[in-house]
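Novice: Sharing a structure with you now.
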Amino acid sequence: MKRINITLFAILLMAICFSCTHTNLSYTQSGNWVSRATFQGVAMGEGACFVINDQAYVGTGINPLTPNIKLNTMFRYSYAQIPTNQPYGYDSAYGSWTSVTDFPGQARSNAVAFAIGGTTGYLGGGLANDGFTPLNDYYSYTPGGGWVQIDSLVDQYGNSHPRYDAVAFGFDTTGFVLTGTDNYNY
C-alpha cells in the first residue's frame, strides 16, 4: 500500500512540474489581452460594431455622462502591427481611431450590427432617444460609399418587427438578427 501511495505521489508531482512550463510564444500568440490605441471619441456604452477588412467600426450607443441622449457618431479603428523587438513590451500607441461619417439614422442605443463578405457593414434596430421605443430601420455601410438606408425587418406578412438588445451576425451572404425585445415580446 505504501508503494502505491509513493507511486501516486510521484506521478502527481511530475504532472504538476510538467504542467507549469514557460513558453516562448509572444503575449499576443498565447491569447493574453493587450492594450491598443486609446479611444479618442466620446465615451460610449450600449453601442454597436462591425468589422470590414480588418478595421473595426464602432458607434451609436449612449454617453454614460448623459445617458438620456443617444449617439449617432461612428469611429473606425485601424490596427497596427505590434513590434516584436520592443525591449520594454507593448506601446499602446499602435493603431488609431478615426471619426467616420456619422450614422444617418435616428440616434440610438442597444442596436445590432454585423458585416457580410468583409466589404459591407450593417447597423440598425435599437432603442430610440426616448428610452422606450424600439427601432426597425437598417443601414448599410461601405468604406468608399458611406451609409445607405435598406429594408427594415418584416415577416412574410409584411409586419414590422422592431428590436433592441438583439444579437446579429453575418454568414456568407446573409445577415441574421436574432432574439432581442420590442418591450413586450422576446
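By convention here, the chains of the C-alpha cells are called A, B, ... in the order presented, each chain's residues are numbered starting at 1, and ligands are numbered starting at 1 in the order presented.
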Env of Thr142 (chain A): 12 Å cut, atoms = only C-alpha atoms, seq-sep filter 4 positions within chain, self excluded. Answer as number ranges by chain.
Specialist: A: 50-53, 55, 57, 100-101, 115-123, 146-149
Novice: Generate a file of the selected residues that holds all heavy atoms, formatted as a compact mmCIF listing (two decimals), in the first residue's frame.
Specialist:
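Heads up, here's the output in selection_3.txt:
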# COMPACT_ATOMS: atom_id res chain seq x y z
N PHE A 50 -19.08 46.55 -36.15
CA PHE A 50 -18.87 45.53 -37.17
C PHE A 50 -17.45 45.70 -37.69
O PHE A 50 -16.80 46.71 -37.45
CB PHE A 50 -19.90 45.63 -38.31
CG PHE A 50 -20.01 46.99 -38.94
CD1 PHE A 50 -19.17 47.37 -39.97
CD2 PHE A 50 -20.98 47.90 -38.50
CE1 PHE A 50 -19.28 48.63 -40.55
CE2 PHE A 50 -21.10 49.15 -39.08
CZ PHE A 50 -20.24 49.51 -40.11
N VAL A 51 -16.95 44.67 -38.39
CA VAL A 51 -15.58 44.68 -38.89
C VAL A 51 -15.59 44.50 -40.40
O VAL A 51 -16.24 43.58 -40.92
CB VAL A 51 -14.75 43.56 -38.24
CG1 VAL A 51 -13.35 43.51 -38.84
CG2 VAL A 51 -14.68 43.76 -36.73
N ILE A 52 -14.90 45.40 -41.11
CA ILE A 52 -14.73 45.31 -42.56
C ILE A 52 -13.23 45.37 -42.85
O ILE A 52 -12.57 46.33 -42.45
CB ILE A 52 -15.44 46.47 -43.29
CG1 ILE A 52 -16.93 46.44 -43.02
CG2 ILE A 52 -15.17 46.41 -44.79
CD1 ILE A 52 -17.68 47.64 -43.59
N ASN A 53 -12.72 44.38 -43.54
CA ASN A 53 -11.31 44.37 -43.95
C ASN A 53 -10.35 44.69 -42.81
O ASN A 53 -9.53 45.59 -42.90
CB ASN A 53 -11.07 45.33 -45.11
CG ASN A 53 -11.79 44.89 -46.36
OD1 ASN A 53 -11.95 43.70 -46.60
ND2 ASN A 53 -12.23 45.85 -47.15
N GLN A 55 -10.75 46.27 -40.12
CA GLN A 55 -10.95 47.55 -39.46
C GLN A 55 -12.30 47.51 -38.74
O GLN A 55 -13.31 47.13 -39.32
CB GLN A 55 -10.92 48.70 -40.46
CG GLN A 55 -9.56 48.82 -41.11
CD GLN A 55 -9.42 50.10 -41.90
OE1 GLN A 55 -10.27 50.97 -41.87
NE2 GLN A 55 -8.31 50.21 -42.61
N TYR A 57 -15.51 49.17 -36.91
CA TYR A 57 -16.36 50.37 -36.92
C TYR A 57 -17.26 50.30 -35.70
O TYR A 57 -17.99 49.33 -35.52
CB TYR A 57 -17.19 50.42 -38.20
CG TYR A 57 -16.34 50.62 -39.43
CD1 TYR A 57 -15.68 49.54 -40.03
CD2 TYR A 57 -16.15 51.88 -39.97
CE1 TYR A 57 -14.88 49.73 -41.15
CE2 TYR A 57 -15.34 52.07 -41.09
CZ TYR A 57 -14.71 50.99 -41.66
OH TYR A 57 -13.91 51.17 -42.76
N VAL A 100 -15.52 58.69 -38.59
CA VAL A 100 -16.03 58.48 -39.95
C VAL A 100 -17.41 59.12 -40.03
O VAL A 100 -17.91 59.67 -39.06
CB VAL A 100 -16.09 56.97 -40.31
CG1 VAL A 100 -14.70 56.36 -40.34
CG2 VAL A 100 -16.98 56.20 -39.37
N THR A 101 -18.03 59.03 -41.18
CA THR A 101 -19.35 59.63 -41.38
C THR A 101 -20.32 59.14 -40.33
O THR A 101 -20.45 57.94 -40.09
CB THR A 101 -19.89 59.26 -42.78
OG1 THR A 101 -18.92 59.62 -43.76
CG2 THR A 101 -21.20 59.96 -43.06
N ALA A 115 -21.38 42.34 -40.30
CA ALA A 115 -20.77 42.56 -41.62
C ALA A 115 -21.00 41.31 -42.46
O ALA A 115 -21.11 40.21 -41.95
CB ALA A 115 -19.29 42.84 -41.49
N ILE A 116 -21.07 41.53 -43.77
CA ILE A 116 -21.23 40.43 -44.72
C ILE A 116 -20.12 40.54 -45.76
O ILE A 116 -19.91 41.60 -46.34
CB ILE A 116 -22.60 40.46 -45.40
CG1 ILE A 116 -23.71 40.20 -44.38
CG2 ILE A 116 -22.67 39.43 -46.52
CD1 ILE A 116 -25.10 40.27 -44.95
N GLY A 117 -19.45 39.43 -45.99
CA GLY A 117 -18.47 39.36 -47.06
C GLY A 117 -17.22 40.20 -46.86
O GLY A 117 -16.43 40.35 -47.78
N GLY A 118 -17.03 40.77 -45.70
CA GLY A 118 -15.84 41.57 -45.45
C GLY A 118 -15.81 42.90 -46.18
O GLY A 118 -14.79 43.59 -46.18
N THR A 119 -16.93 43.29 -46.81
CA THR A 119 -16.95 44.54 -47.57
C THR A 119 -18.04 45.50 -47.14
O THR A 119 -17.94 46.69 -47.40
CB THR A 119 -17.15 44.26 -49.08
OG1 THR A 119 -18.39 43.57 -49.26
CG2 THR A 119 -16.01 43.43 -49.63
N THR A 120 -19.08 45.00 -46.49
CA THR A 120 -20.21 45.84 -46.13
C THR A 120 -20.64 45.58 -44.70
O THR A 120 -20.75 44.43 -44.28
CB THR A 120 -21.41 45.55 -47.06
OG1 THR A 120 -20.99 45.70 -48.41
CG2 THR A 120 -22.56 46.52 -46.80
N GLY A 121 -20.86 46.65 -43.93
CA GLY A 121 -21.37 46.54 -42.58
C GLY A 121 -22.81 46.99 -42.53
O GLY A 121 -23.26 47.80 -43.36
N TYR A 122 -23.56 46.45 -41.59
CA TYR A 122 -24.98 46.78 -41.43
C TYR A 122 -25.23 47.13 -39.98
O TYR A 122 -24.71 46.49 -39.07
CB TYR A 122 -25.84 45.58 -41.83
CG TYR A 122 -25.67 45.20 -43.28
CD1 TYR A 122 -24.67 44.33 -43.67
CD2 TYR A 122 -26.49 45.75 -44.25
CE1 TYR A 122 -24.50 44.00 -45.01
CE2 TYR A 122 -26.33 45.42 -45.59
CZ TYR A 122 -25.32 44.54 -45.96
OH TYR A 122 -25.14 44.21 -47.28
N LEU A 123 -26.05 48.17 -39.77
CA LEU A 123 -26.38 48.61 -38.42
C LEU A 123 -27.84 49.03 -38.41
O LEU A 123 -28.30 49.70 -39.34
CB LEU A 123 -25.48 49.77 -38.00
CG LEU A 123 -25.49 50.15 -36.53
CD1 LEU A 123 -24.14 50.70 -36.13
CD2 LEU A 123 -26.56 51.15 -36.18
N GLY A 146 -20.11 55.08 -48.04
CA GLY A 146 -20.86 55.65 -46.93
C GLY A 146 -22.10 54.85 -46.57
O GLY A 146 -22.18 53.65 -46.83
N TRP A 147 -23.08 55.53 -45.99
CA TRP A 147 -24.30 54.90 -45.47
C TRP A 147 -25.44 54.94 -46.49
O TRP A 147 -25.63 55.95 -47.15
CB TRP A 147 -24.76 55.63 -44.21
CG TRP A 147 -23.86 55.46 -43.04
CD1 TRP A 147 -22.93 56.36 -42.61
CD2 TRP A 147 -23.79 54.35 -42.17
NE1 TRP A 147 -22.28 55.86 -41.51
CE2 TRP A 147 -22.79 54.63 -41.21
CE3 TRP A 147 -24.48 53.14 -42.09
CZ2 TRP A 147 -22.48 53.74 -40.18
CZ3 TRP A 147 -24.15 52.25 -41.06
CH2 TRP A 147 -23.16 52.56 -40.13
N VAL A 148 -26.21 53.86 -46.57
CA VAL A 148 -27.40 53.79 -47.42
C VAL A 148 -28.49 53.09 -46.62
O VAL A 148 -28.26 52.02 -46.05
CB VAL A 148 -27.12 52.99 -48.71
CG1 VAL A 148 -28.39 52.81 -49.53
CG2 VAL A 148 -26.03 53.65 -49.54
N GLN A 149 -29.70 53.68 -46.57
CA GLN A 149 -30.80 53.02 -45.86
C GLN A 149 -31.25 51.81 -46.67
O GLN A 149 -31.36 51.86 -47.90
CB GLN A 149 -31.97 53.96 -45.62
CG GLN A 149 -33.03 53.31 -44.74
CD GLN A 149 -34.05 54.29 -44.20
OE1 GLN A 149 -34.07 55.47 -44.58
NE2 GLN A 149 -34.89 53.82 -43.30
Novice: Pick out the residues sitting within 12 Å of Ala166 (chain A), and hand them over as JSON, numbers by chain; count only C-alpha atoms, and ignore anything fewer than 3 positions along from it in its own chain.
Specialist: {"A": [46, 47, 48, 109, 110, 111, 112, 113, 114, 123, 124, 125, 126, 127, 134, 135, 136, 161, 162, 163, 169, 176, 177, 178, 179, 180, 181, 182, 183, 185, 186]}
Novice: For Gln40 (chain A), please output as a list in words all residues within 8 Å (counting only C-alpha atoms; exclusion window: fewer than 2 positions along the same chain).
Specialist: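 The neighbour list is Thr38, Val42 and Trp97 of chain A.
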Novice: Neighbours of Ser96 (chain A) within 8 Å (only C-alpha atoms; same-chain residues fewer than 3 positions away dropped), as a list in words?
Specialist: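 Residues meeting the cut-off are Ala37, Thr38, Tyr77, Ser78, Tyr79, Ala80 and Ala93 of chain A.
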Novice: Using only C-alpha atoms, which residue out of A:Gly158, A:Gly145, A:Gly95, A:Gly59 lies closest to Ala43 (chain A)?
Specialist: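 Once distances to Ala43 (chain A) are computed over only C-alpha atoms, the minimum belongs to A:Gly59.
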